[in-house]
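What follows is a short report on a single structure.
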Amino acid sequence: MGSDPSRRIAVLISGRGSNLQALIDAVAEGRLRATIAVVISNRADAQGLERARAAGIDAVVIDHRGFTSRALFEQALVRELRDRQISLICLAGFMRLLGSTFLDAFPNAILNIHPSLLPAFPGVDAQRQAWDYGVKVAGATVHIVTGELDGGPIVLQASVPVFDTDTADMLAARILVEEHRLYPEAVRIMLDGHHEVQGRRLVRKQR
């Protein structure tokens, strides 16, 4: 495939792909030693596909609506990723819940980024959940994907303050800055391999 197979990653998107762009930039600038081998979207109109093409990355659409079951859709994803010798999968605004067909194919090799300090505010619209709740600190989390919604072992977290003058959109924008910083670093940790998963905990080993 022309690159180190242990550092070949895929990014799955459904929308604009701003975290995809953060990964593209980190690779281009030498901050992340990896090859983004493919970007896959379940939506043909996802803006992130154009980001991928502009960076010379293969962009593939696998529309979930073309399959009669989630398992068949996931089988198609797995085939595409295995054909490309992917070692780590990064979900970046991928708006489909993944089941056992996909998760079992890539154990401890799927990352997601979530705009809250998990386990607080899992699920959709986490930034507004936090703002509505009145928290004074919010943030972002990169975690390994498991069958539990936003519940896998945490790789990295970053906090941001919540100001009295914030709107939910202002808070979301502040969190997004940290997402863009956090995701490439979490990918680097996973690819470097100096860690182990101990139950719910990801423990980084001393080199």
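We name chains A, B, ... following the order of the structure tokens; residues begin at 1 in each chain, and ligands are numbered from 1 as shown.
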Determine, for each residue of stretch 82-171 of chain A having at least one atom at most 12 Å from an atom of stretch 23-31 of chain A, the closest pair of atoms and their separation in Å to one decimal, counting only C-alpha atoms; order by chain and ascending number, as a Markdown table.
```
| residue | atom | partner | partner_atom | distance |
| --- | --- | --- | --- | --- |
| A:Cys90 | CA | A:Leu23 | CA | 9.6 |
| A:Leu91 | CA | A:Leu23 | CA | 11.4 |
| A:Ala92 | CA | A:Leu23 | CA | 9.9 |
```
Export of the given selection (C-alpha atoms) as a JSON list (two decimals), in the first residue's frame:
```json
[["chain", "number", "residue", "atom", "x", "y", "z"],
["A", 90, "CYS", "CA", -11.26, 7.74, 13.73],
["A", 91, "LEU", "CA", -14.89, 8.74, 13.98],
["A", 92, "ALA", "CA", -15.22, 12.46, 13.29]]
```
Query - helix (DSSP H, G or I) per DSSP on the backbone: members of stretch 35-171 of chain A, as a count of residues only - result: 40
Query raised in the report: Could you name the residues that touch A:Asp104 at 10 Å or less, counting only C-alpha atoms, but leaving out those on the same chain fewer than 4 positions away, as an NGL selection string?
Result: :A and (99-100 or 108-109 or 146-147)
Would you tabulate, counting only C-alpha atoms, all residues of stretch 37-146 of chain A that have an atom at most 7 Å from an atom of stretch 150-153 of chain A, showing the closest pair of atoms and their distance in Å to one decimal, sorted by chain then ascending number, as CSV?
```
residue,atom,partner,partner_atom,distance
A:Pro119,CA,A:Gly151,CA,7.0
A:Pro122,CA,A:Asp150,CA,5.8
A:Gly123,CA,A:Asp150,CA,7.0
A:His143,CA,A:Pro153,CA,5.5
A:Ile144,CA,A:Gly152,CA,5.0
A:Val145,CA,A:Gly152,CA,5.2
A:Thr146,CA,A:Gly152,CA,5.2
```
**Report entry** Selection near stretch 70-83 of chain A, 6 Å with only C-alpha atoms, sequence-local residues under 5 positions removed, as a ChimeraX atom specification
**Finding:** /A:64,101-102
